[in-house]
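The data block below is structure-v3.txt; it holds compact mmCIF, C-alpha atoms and all ligand atoms.
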```txt
# COMPACT_ATOMS: atom_id res chain seq x y z
CA MET A 1 -66.24 5.41 11.19
CA ASP A 2 -67.57 6.50 14.59
CA LYS A 3 -66.74 4.49 17.69
CA ILE A 4 -68.63 4.01 20.94
CA VAL A 5 -66.22 3.58 23.86
CA LYS A 6 -67.62 2.16 27.10
CA PRO A 7 -66.28 2.96 30.56
CA ILE A 8 -64.30 0.24 32.29
CA ASP A 9 -62.97 -0.32 35.82
CA ARG A 10 -59.30 -0.75 35.11
CA LEU A 11 -56.61 -1.83 32.59
CA ARG A 12 -54.60 -4.99 33.25
CA GLY A 13 -52.22 -7.14 31.22
CA GLU A 14 -48.96 -7.36 29.29
CA ILE A 15 -48.56 -6.05 25.76
CA ASP A 16 -46.04 -5.77 22.92
CA LEU A 17 -46.51 -2.78 20.69
CA PRO A 18 -45.94 -2.14 16.98
CA GLY A 19 -42.67 -0.42 16.08
CA ASP A 20 -41.94 3.23 16.74
CA LYS A 21 -43.24 5.52 13.98
CA SER A 22 -40.25 7.89 13.89
CA ILE A 23 -37.75 5.04 13.85
CA SER A 24 -39.68 3.06 11.21
CA HIS A 25 -39.70 6.12 8.93
CA ARG A 26 -35.95 6.41 9.35
CA VAL A 27 -35.37 2.70 8.64
CA ALA A 28 -37.15 3.29 5.32
CA LEU A 29 -35.45 6.64 4.59
CA PHE A 30 -31.90 5.61 5.47
CA GLY A 31 -32.33 2.07 4.10
CA GLY A 32 -33.45 3.51 0.76
CA ILE A 33 -30.27 5.59 0.31
CA SER A 34 -27.82 3.01 1.67
CA LEU A 35 -26.08 0.33 -0.35
CA GLY A 36 -27.31 -3.22 0.20
CA ALA A 37 -30.27 -4.56 2.13
CA THR A 38 -31.70 -3.03 5.29
CA LYS A 39 -33.87 -5.24 7.49
CA GLY A 40 -36.26 -3.44 9.80
CA LYS A 41 -37.62 -5.81 12.44
CA ASN A 42 -40.95 -4.86 14.07
CA PHE A 43 -41.42 -2.13 11.43
CA LEU A 44 -44.62 -0.11 11.96
CA LYS A 45 -47.15 -1.20 9.34
CA ALA A 46 -49.33 1.91 9.68
CA ASP A 47 -50.40 4.39 7.00
CA ASP A 48 -47.66 6.99 7.63
CA CYS A 49 -44.68 4.65 7.36
CA LEU A 50 -46.23 2.78 4.43
CA ARG A 51 -46.40 6.17 2.64
CA THR A 52 -42.64 6.58 3.07
CA LEU A 53 -42.08 3.09 1.66
CA SER A 54 -44.39 3.68 -1.28
CA ALA A 55 -42.69 6.99 -2.11
CA PHE A 56 -39.37 5.11 -2.21
CA LYS A 57 -40.94 2.34 -4.30
CA GLU A 58 -41.97 4.98 -6.83
CA MET A 59 -38.28 6.00 -6.90
CA GLY A 60 -37.02 2.47 -7.56
CA VAL A 61 -36.47 1.14 -4.03
CA ASP A 62 -38.01 -2.30 -3.44
CA ALA A 63 -39.36 -3.23 -0.02
CA ALA A 64 -40.83 -6.62 0.96
CA PHE A 65 -42.60 -7.60 4.17
CA ASP A 66 -42.24 -10.87 6.01
CA GLY A 67 -44.68 -10.58 8.91
CA LYS A 68 -43.56 -7.67 11.09
CA ASN A 69 -40.22 -7.34 9.30
CA VAL A 70 -39.41 -5.37 6.18
CA THR A 71 -36.42 -5.72 3.86
CA ILE A 72 -35.47 -2.66 1.85
CA GLU A 73 -33.12 -2.90 -1.13
CA GLY A 74 -31.19 0.38 -0.93
CA ARG A 75 -29.96 2.17 -4.07
CA GLY A 76 -27.21 4.33 -2.56
CA LEU A 77 -27.06 8.05 -1.78
CA LYS A 78 -27.78 9.26 -5.30
CA GLY A 79 -29.34 6.14 -6.75
CA LEU A 80 -33.04 7.02 -6.62
CA LYS A 81 -34.92 7.23 -9.92
CA LYS A 82 -37.22 10.02 -11.03
CA PRO A 83 -40.77 9.21 -9.90
CA GLY A 84 -43.30 8.79 -12.71
CA LYS A 85 -45.94 10.77 -10.81
CA GLU A 86 -46.48 13.10 -7.83
CA LEU A 87 -45.56 11.41 -4.57
CA TYR A 88 -48.71 11.25 -2.44
CA LEU A 89 -47.78 11.15 1.26
CA GLY A 90 -51.27 10.96 2.81
CA ASN A 91 -51.18 12.40 6.34
CA SER A 92 -47.45 11.94 6.92
CA GLY A 93 -45.82 15.19 8.04
CA THR A 94 -42.61 13.34 8.89
CA THR A 95 -42.19 12.14 5.28
CA MET A 96 -43.14 15.56 3.88
CA ARG A 97 -40.56 17.34 6.02
CA ILE A 98 -37.68 14.84 5.95
CA LEU A 99 -37.77 13.41 2.41
CA PRO A 100 -36.92 16.80 0.76
CA GLY A 101 -33.49 16.55 2.42
CA ILE A 102 -32.85 13.40 0.35
CA LEU A 103 -34.48 14.76 -2.81
CA ALA A 104 -32.16 17.79 -2.56
CA GLY A 105 -29.28 15.56 -3.67
CA GLN A 106 -31.00 13.62 -6.48
CA ASP A 107 -30.71 14.40 -10.14
CA PHE A 108 -34.41 14.99 -10.88
CA GLU A 109 -37.51 16.99 -10.00
CA ALA A 110 -40.17 15.54 -7.71
CA THR A 111 -43.47 16.83 -6.32
CA LEU A 112 -44.68 15.88 -2.86
CA THR A 113 -48.33 16.20 -1.91
CA GLY A 114 -50.72 14.87 0.74
CA ASP A 115 -54.20 14.87 2.22
CA ASP A 116 -56.26 17.86 3.38
CA SER A 117 -54.51 18.09 6.75
CA LEU A 118 -50.98 17.67 5.37
CA THR A 119 -51.47 20.35 2.72
CA LYS A 120 -52.24 22.82 5.54
CA ARG A 121 -49.03 22.19 7.48
CA PRO A 122 -46.26 24.81 7.34
CA MET A 123 -43.22 23.93 5.25
CA GLY A 124 -41.41 27.29 5.39
CA ARG A 125 -39.32 25.81 8.19
CA ILE A 126 -37.64 23.41 5.72
CA ILE A 127 -37.90 25.56 2.58
CA GLU A 128 -35.81 28.35 4.11
CA PRO A 129 -32.77 26.29 5.18
CA LEU A 130 -32.85 24.14 2.04
CA ARG A 131 -32.80 27.28 -0.11
CA LYS A 132 -29.82 28.50 1.91
CA MET A 133 -28.17 25.21 0.90
CA GLY A 134 -28.77 26.14 -2.74
CA VAL A 135 -31.66 23.71 -3.19
CA ASP A 136 -34.36 24.55 -5.73
CA ILE A 137 -37.50 23.97 -3.61
CA LYS A 138 -40.82 25.75 -3.69
CA SER A 139 -44.33 25.32 -2.48
CA LYS A 140 -46.55 24.96 -5.53
CA GLY A 141 -48.99 27.64 -4.37
CA ASN A 142 -46.16 29.89 -3.12
CA ASP A 143 -47.88 29.88 0.26
CA GLY A 144 -45.43 27.78 2.27
CA PHE A 145 -47.73 24.73 2.24
CA PRO A 146 -47.54 21.49 0.25
CA PRO A 147 -47.47 20.46 -2.56
CA LEU A 148 -43.70 20.94 -2.60
CA VAL A 149 -41.65 20.83 -5.79
CA ILE A 150 -37.97 19.96 -5.37
CA ARG A 151 -35.42 19.93 -8.17
CA GLY A 152 -32.34 18.17 -6.83
CA GLY A 153 -28.79 19.15 -7.72
CA ARG A 154 -25.80 20.74 -6.06
CA VAL A 155 -26.07 21.18 -2.30
CA THR A 156 -23.97 23.62 -0.25
CA ALA A 157 -23.04 22.87 3.37
CA LEU A 158 -24.79 25.03 5.96
CA GLU A 159 -24.55 26.00 9.61
CA TYR A 160 -28.07 26.75 10.73
CA GLU A 161 -29.95 27.66 13.90
CA THR A 162 -33.55 26.46 13.87
CA LYS A 163 -36.25 28.72 15.33
CA VAL A 164 -38.26 25.80 16.67
CA ALA A 165 -36.98 22.58 18.20
CA SER A 166 -38.10 20.16 15.51
CA ALA A 167 -36.58 16.76 14.76
CA GLN A 168 -38.19 16.85 11.33
CA VAL A 169 -36.46 20.11 10.39
CA LYS A 170 -33.15 19.00 11.91
CA SER A 171 -33.34 15.69 10.02
CA CYS A 172 -34.15 17.36 6.71
CA ILE A 173 -31.12 19.65 6.92
CA LEU A 174 -28.78 16.85 8.04
CA LEU A 175 -29.92 14.62 5.19
CA ALA A 176 -29.35 17.42 2.67
CA GLY A 177 -25.91 17.80 4.30
CA LEU A 178 -25.08 14.24 3.19
CA TYR A 179 -24.99 15.62 -0.37
CA ALA A 180 -22.84 18.69 0.38
CA ASP A 181 -19.07 19.15 0.46
CA GLY A 182 -17.98 20.05 3.96
CA LYS A 183 -19.66 20.21 7.32
CA THR A 184 -23.38 20.85 7.85
CA MET A 185 -24.40 21.80 11.36
CA VAL A 186 -27.82 22.29 12.98
CA THR A 187 -28.32 24.02 16.33
CA GLU A 188 -31.70 23.84 18.05
CA PRO A 189 -33.17 26.04 20.80
CA PHE A 190 -33.97 22.86 22.77
CA LEU A 191 -33.05 19.25 22.13
CA SER A 192 -35.56 17.39 19.93
CA ARG A 193 -35.72 13.62 19.36
CA ASP A 194 -32.37 12.37 18.09
CA HIS A 195 -33.21 9.21 16.11
CA THR A 196 -31.65 10.64 12.95
CA GLU A 197 -28.31 11.27 14.65
CA ARG A 198 -28.21 7.85 16.30
CA MET A 199 -29.31 5.90 13.25
CA LEU A 200 -27.34 7.79 10.58
CA ASP A 201 -24.26 7.11 12.67
CA LEU A 202 -25.06 3.37 12.57
CA PHE A 203 -25.62 3.47 8.79
CA GLY A 204 -22.14 4.98 8.35
CA ALA A 205 -22.38 8.79 8.48
CA LYS A 206 -19.93 10.52 10.81
CA ILE A 207 -22.00 12.45 13.32
CA PHE A 208 -20.64 14.95 15.84
CA ARG A 209 -22.76 16.20 18.72
CA LYS A 210 -22.08 19.00 21.10
CA GLY A 211 -24.80 20.42 23.34
CA LEU A 212 -27.68 21.52 21.16
CA SER A 213 -25.64 21.24 17.93
CA VAL A 214 -25.20 18.28 15.63
CA SER A 215 -23.05 18.15 12.53
CA LEU A 216 -22.02 15.74 9.79
CA GLY A 217 -19.76 15.66 6.76
CA GLY A 218 -20.88 15.09 3.16
CA SER A 219 -20.67 12.02 0.91
CA PRO A 220 -20.41 9.20 3.48
CA SER A 221 -20.87 5.65 2.27
CA LEU A 222 -24.03 4.42 3.91
CA LYS A 223 -24.47 0.66 4.27
CA GLY A 224 -27.69 -1.28 4.84
CA GLN A 225 -28.28 -2.49 8.42
CA GLU A 226 -30.37 -4.94 10.39
CA PHE A 227 -32.33 -2.96 12.93
CA PHE A 228 -34.90 -3.78 15.64
CA VAL A 229 -37.55 -1.09 15.87
CA PRO A 230 -38.58 -0.81 19.55
CA GLY A 231 -42.27 -0.55 20.45
CA ASP A 232 -43.64 2.97 19.98
CA ILE A 233 -43.46 4.84 23.29
CA SER A 234 -45.98 7.37 21.92
CA SER A 235 -48.49 4.54 21.39
CA ALA A 236 -47.59 3.03 24.78
CA ALA A 237 -48.42 6.43 26.32
CA PHE A 238 -52.16 5.88 25.83
CA PHE A 239 -52.21 2.68 27.90
CA ILE A 240 -49.72 4.02 30.43
CA GLY A 241 -51.96 7.09 30.78
CA GLY A 242 -55.10 4.92 31.10
CA ALA A 243 -53.49 2.77 33.79
CA ALA A 244 -52.32 5.91 35.61
CA ILE A 245 -55.89 7.23 36.03
CA LEU A 246 -57.92 4.01 36.44
CA GLU A 247 -57.76 2.66 39.98
CA GLY A 248 -56.61 -0.96 40.24
CA SER A 249 -54.76 -0.90 36.89
CA ASP A 250 -51.51 -2.78 36.28
CA VAL A 251 -50.07 -2.73 32.74
CA LEU A 252 -46.74 -3.99 31.45
CA VAL A 253 -45.52 -2.74 28.06
CA ARG A 254 -42.71 -4.93 26.72
CA ASP A 255 -39.79 -3.71 24.57
CA ALA A 256 -40.85 -0.07 24.35
CA GLY A 257 -38.40 2.53 23.03
CA LEU A 258 -36.55 4.32 25.84
CA ASN A 259 -34.53 6.84 23.86
CA PRO A 260 -33.83 9.65 26.38
CA THR A 261 -35.23 12.23 23.93
CA ARG A 262 -38.58 10.41 23.90
CA ILE A 263 -39.28 9.65 27.55
CA GLY A 264 -40.29 13.11 28.72
CA PHE A 265 -43.80 11.71 29.26
CA ILE A 266 -42.57 9.04 31.68
CA ASN A 267 -40.52 11.62 33.60
CA VAL A 268 -43.51 13.97 33.89
CA LEU A 269 -45.85 11.17 35.03
CA ARG A 270 -43.35 10.22 37.72
CA ARG A 271 -43.31 13.85 38.90
CA MET A 272 -47.09 13.60 39.10
CA GLY A 273 -46.74 10.64 41.45
CA ALA A 274 -47.36 7.77 39.00
CA ASP A 275 -46.12 4.31 39.96
CA ILE A 276 -43.88 3.44 36.99
CA THR A 277 -41.03 0.91 36.86
CA VAL A 278 -38.71 0.86 33.86
CA THR A 279 -36.42 -2.10 33.13
CA VAL A 280 -33.85 -1.35 30.44
CA LYS A 281 -33.21 -4.45 28.30
CA ASN A 282 -31.02 -3.04 25.56
CA GLU A 283 -28.86 0.06 25.51
CA THR A 284 -27.58 0.06 21.94
CA VAL A 285 -28.42 2.62 19.22
CA GLU A 286 -32.10 2.86 20.17
CA PRO A 287 -32.49 1.67 23.78
CA TYR A 288 -35.60 -0.25 24.79
CA GLY A 289 -37.07 -2.10 27.72
CA ASP A 290 -40.20 -2.86 29.74
CA ILE A 291 -42.44 -0.30 31.38
CA ARG A 292 -44.79 -1.30 34.18
CA VAL A 293 -47.39 1.12 35.44
CA ARG A 294 -49.75 0.66 38.35
CA PHE A 295 -52.43 3.08 39.46
CA ALA A 296 -51.44 5.71 42.04
CA PRO A 297 -53.16 9.03 42.86
CA LEU A 298 -51.72 11.86 40.75
CA LYS A 299 -50.98 15.51 41.47
CA ALA A 300 -50.63 18.46 39.09
CA VAL A 301 -47.30 19.46 37.59
CA VAL A 302 -45.67 22.32 35.67
CA ILE A 303 -44.10 21.36 32.35
CA GLU A 304 -41.49 23.84 31.07
CA LYS A 305 -41.00 24.85 27.43
CA GLY A 306 -37.66 23.02 27.17
CA GLU A 307 -39.38 19.71 27.99
CA ILE A 308 -41.97 20.05 25.22
CA PRO A 309 -39.94 18.47 22.36
CA LEU A 310 -39.31 15.42 24.56
CA LEU A 311 -43.04 14.74 24.93
CA ILE A 312 -44.57 16.67 22.02
CA ASP A 313 -46.76 13.80 20.78
CA GLU A 314 -47.88 12.84 24.30
CA ILE A 315 -49.42 16.20 25.23
CA PRO A 316 -52.95 15.17 24.15
CA ILE A 317 -52.95 12.17 26.52
CA LEU A 318 -51.21 14.27 29.19
CA ALA A 319 -54.13 16.72 28.99
CA VAL A 320 -56.48 13.80 29.75
CA ILE A 321 -54.32 12.65 32.66
CA ALA A 322 -53.92 16.19 34.05
CA SER A 323 -57.73 16.51 34.04
CA ARG A 324 -57.73 13.81 36.70
CA ALA A 325 -54.68 14.95 38.73
CA ARG A 326 -55.13 17.03 41.89
CA GLY A 327 -54.32 20.73 41.32
CA LYS A 328 -53.44 22.99 38.40
CA THR A 329 -51.21 21.60 35.65
CA VAL A 330 -49.53 24.14 33.37
CA ILE A 331 -47.99 23.01 30.08
CA LYS A 332 -45.80 25.92 28.95
CA GLY A 333 -44.66 26.78 25.43
CA ALA A 334 -46.73 24.17 23.61
CA GLY A 335 -47.41 26.35 20.53
CA GLU A 336 -46.08 23.65 18.17
CA LEU A 337 -49.23 21.66 18.96
CA ARG A 338 -51.14 24.12 16.79
CA VAL A 339 -49.36 22.86 13.65
CA LYS A 340 -49.64 19.11 14.16
CA GLU A 341 -52.09 16.83 12.28
CA THR A 342 -54.68 19.24 13.67
CA ASP A 343 -54.49 22.16 16.11
CA ARG A 344 -54.20 19.88 19.14
CA ILE A 345 -54.63 22.69 21.67
CA PHE A 346 -58.02 23.35 20.08
CA SER A 347 -59.05 19.71 19.55
CA MET A 348 -58.18 18.61 23.09
CA THR A 349 -59.66 21.74 24.73
CA GLU A 350 -62.93 21.32 22.81
CA ASN A 351 -63.27 17.63 23.65
CA LEU A 352 -62.18 17.72 27.27
CA ARG A 353 -64.46 20.68 28.05
CA LEU A 354 -67.42 18.65 26.78
CA MET A 355 -66.45 15.99 29.31
CA GLY A 356 -66.44 18.54 32.15
CA SER A 357 -62.70 19.20 32.33
CA LYS A 358 -61.46 22.65 33.39
CA ILE A 359 -59.01 23.25 30.56
CA SER A 360 -58.02 26.51 28.90
CA SER A 361 -55.26 27.85 26.71
CA GLU A 362 -53.44 31.12 27.04
CA LYS A 363 -51.09 31.94 24.16
CA GLU A 364 -48.71 28.96 24.00
CA ASN A 365 -49.74 27.51 27.39
CA LEU A 366 -52.30 24.88 28.33
CA ILE A 367 -53.81 25.12 31.81
CA ILE A 368 -55.75 22.23 33.29
CA THR A 369 -57.30 22.10 36.75
CA GLY A 370 -57.79 18.47 37.64
CA GLY A 371 -61.08 17.23 39.04
CA ARG A 372 -62.21 14.11 40.83
CA GLY A 373 -64.52 11.34 39.72
CA ARG A 374 -65.47 10.21 36.25
CA PHE A 375 -65.76 12.41 33.12
CA GLU A 376 -69.19 13.49 31.86
CA LYS A 377 -70.73 11.59 28.94
CA ALA A 378 -70.17 13.55 25.70
CA ALA A 379 -70.15 13.33 21.91
CA LEU A 380 -66.51 13.72 20.91
CA LYS A 381 -64.61 14.41 17.71
CA SER A 382 -61.22 13.22 16.45
CA PHE A 383 -60.89 16.22 14.12
CA GLY A 384 -59.21 13.69 11.81
CA ASP A 385 -56.24 13.46 14.19
CA HIS A 386 -55.06 10.02 15.35
CA ARG A 387 -53.60 11.19 18.67
CA THR A 388 -56.68 13.24 19.56
CA ALA A 389 -58.87 10.19 18.80
CA MET A 390 -56.80 7.78 20.93
CA SER A 391 -56.46 10.25 23.82
CA MET A 392 -60.21 10.75 23.91
CA ALA A 393 -60.78 6.98 23.78
CA ILE A 394 -58.75 6.72 27.00
CA ALA A 395 -60.79 9.55 28.56
CA CYS A 396 -63.96 7.62 27.64
CA LEU A 397 -62.78 4.63 29.72
CA PHE A 398 -63.04 6.93 32.72
CA ALA A 399 -66.44 8.45 31.82
CA LYS A 400 -69.79 8.05 33.58
CA ALA A 401 -71.33 6.38 30.51
CA ALA A 402 -70.41 5.22 26.99
CA CYS A 403 -69.30 8.07 24.69
CA LYS A 404 -69.19 8.35 20.91
CA ILE A 405 -66.03 9.50 19.12
CA GLU A 406 -66.63 10.69 15.56
CA ASP A 407 -64.26 9.56 12.80
CA THR A 408 -61.74 7.23 14.37
CA ASP A 409 -60.42 5.89 11.03
CA CYS A 410 -57.50 8.32 11.35
CA ILE A 411 -56.04 6.01 14.02
CA THR A 412 -54.60 3.89 11.17
CA THR A 413 -52.07 6.71 10.69
CA SER A 414 -49.96 5.38 13.55
CA PHE A 415 -51.69 2.49 15.36
CA PRO A 416 -54.18 0.35 13.41
CA ALA A 417 -54.50 -2.22 16.26
CA PHE A 418 -55.23 0.40 18.97
CA PHE A 419 -58.77 -0.75 19.83
CA GLU A 420 -57.77 -4.44 19.82
CA VAL A 421 -55.02 -3.77 22.37
CA LEU A 422 -57.43 -1.63 24.40
CA ASP A 423 -60.06 -4.43 24.42
CA TYR A 424 -57.40 -6.91 25.54
CA LEU A 425 -56.25 -4.73 28.45
CA GLY A 426 -59.81 -3.87 29.43
C1 LIG B 501 -41.18 13.45 14.45
C2 LIG B 501 -40.92 14.63 15.10
C3 LIG B 501 -41.94 15.40 15.81
C4 LIG B 501 -43.20 14.58 16.08
C5 LIG B 501 -43.62 13.77 14.90
C6 LIG B 501 -42.51 12.83 14.46
C7 LIG B 501 -40.06 12.76 13.77
O1 LIG B 501 -42.29 16.53 15.03
O2 LIG B 501 -44.24 15.44 16.49
O3 LIG B 501 -44.76 13.00 15.22
O4 LIG B 501 -40.19 11.55 13.47
O5 LIG B 501 -39.03 13.40 13.52
P1 LIG B 501 -41.42 17.88 15.10
O6 LIG B 501 -40.03 17.46 14.95
O7 LIG B 501 -41.84 18.72 13.95
O8 LIG B 501 -41.78 18.49 16.40
```

With the file now loaded, output its structure as structure tokens.
Amino acid sequence: MDKIVKPIDRLRGEIDLPGDKSISHRVALFGGISLGATKGKNFLKADDCLRTLSAFKEMGVDAAFDGKNVTIEGRGLKGLKKPGKELYLGNSGTTMRILPGILAGQDFEATLTGDDSLTKRPMGRIIEPLRKMGVDIKSKGNDGFPPLVIRGGRVTALEYETKVASAQVKSCILLAGLYADGKTMVTEPFLSRDHTERMLDLFGAKIFRKGLSVSLGGSPSLKGQEFFVPGDISSAAFFIGGAAILEGSDVLVRDAGLNPTRIGFINVLRRMGADITVTVKNETVEPYGDIRVRFAPLKAVVIEKGEIPLLIDEIPILAVIASRARGKTVIKGAGELRVKETDRIFSMTENLRLMGSKISSEKENLIITGGRGRFEKAALKSFGDHRTAMSMAIACLFAKAACKIEDTDCITTSFPAFFEVLDYLG
């Protein structure tokens, strides 16, 4: 479906957001292999997380919703049953990259596949370490892309240095490590989001962290938990970004996730001069609190490579914001954007240029020279990517006239209610 988005003056209001996508996936993944029930409150009912639940359902794990809460009946570390068919994961890269860690320790063969975009995403980054752990995993076409075929069995502990900072890769190896004898350790070049470490610890695994390394021992007894999933900070980013560029805006996001490995976007916006107040309400396993943002004039900023994993999913909306910040913003070392749901350097550059933005890419860097005034009217494309679609919808609010965005159905991947929340704030 295409969507026409009209310009508005400002965003104002208070909102609660659906649960964090990364954390909801992990509630499903860790709940499924724990003993007893896991209750995920404010679980994200969007396509990606529902794919994880349905893959588990196919392997014998029941999950039932009661409003925004899900209860998962875990079957224990090795209790999954052989799926009767290929596991179709839609667009969900997180499921495709993390689930193989769990399948590594099961006593059966399973095939994971997905949609057009997912079957073009590189899986060599998990195939290589899993093979080093003795896991029988291959890409069906022998090209490093899904479908993936995994025959579970014996797993050997591994100490591994990842080439890219990726929470998905780190999580996959750590989960496979649950099935090994001895210590499995992952060291990253830069710190990526650490939900797996925090949550596995809560479920009963013994996690050790030192600098950029994290390790765990095999065969823990994982027990089901009750867990509140904070509002998704990556979804909040669209409204925070909109309020930051639309004069007169004042938006309060309640109970948003404030995990320090996810708030790179807030830190960068503050450096740009944004008026943001954060009130921490809970500091347990996954901290959360309220974020208030009011319009303030923004200036350009340099984002270093080491910061990228802490704001990887927010770069599309940052590109929109930087287009309206005074001076030249440089986002360094953002090459991972090329292997997301789409090549986001390409999709954002194409779209923002059509709206008159001075944006270019040079190797792994994105360079944006901010302008003044409203964006030009343009016909935009999502390229089938939810975050590109939502970022461009925010840009349209600050355009000279209504703009069309082609194919916005992909937004259901992470945030089905996006346009309702936008209408409310507008
Ligand atoms: C995710 C990790 C990130 C992020 C993705 C979700 C996760 O990917 O882009 O949306 O839940 O672990 P990488 O770890 O591959 O960078």

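Shortest separation to ligand LIG 501 (chain B) among A:Tyr179, A:Phe190, A:Phe203, A:Phe239 occurs at residue A:Phe190, atoms counted being all atoms listed in the file.
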
key: Interatomic distance, CA of Asp16 (chain A) to CA of Asp232 (chain A) (Å, one decimal)   =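 Those two atoms sit 9.5 Å apart.
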
message = Just want the residues within 7 Å of ligand LIG 501 (chain B), written as a PyMOL selection string, counting all atoms listed in the file.
response = chain A and resi 21-23+94+165-169+192-193+309+312-313+336+340

ask   = Do you have the CA of Thr119 (chain A)-CA of Thr413 (chain A) distance handy?
value =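 Separation between CA of Thr119 (chain A) and CA of Thr413 (chain A): 15.8 Å.
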
message = Just want the 6 Å neighbourhood of Gly134 (chain A), counted on only C-alpha atoms, with same-chain residues fewer than 2 positions away dropped. Output as a ChimeraX atom specification.
response = /A:131-132,155-156

ask   = Between CA of Gly373 (chain A) and CA of Phe415 (chain A), what is the distance, to one decimal in Å?
value =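 One can read the CA of Gly373 (chain A) to CA of Phe415 (chain A) distance as 28.9 Å.
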
request  = Tell me which protein, DNA and RNA residues are within 7 Å of region 24-39 of chain A, counting only C-alpha atoms, leaving out same-chain ones fewer than 4 positions away, and put them as an MDAnalysis selection string.
outcome  = chainID A and resid 19:20 43:44 49 52:53 56 61 69:77 222:227 229
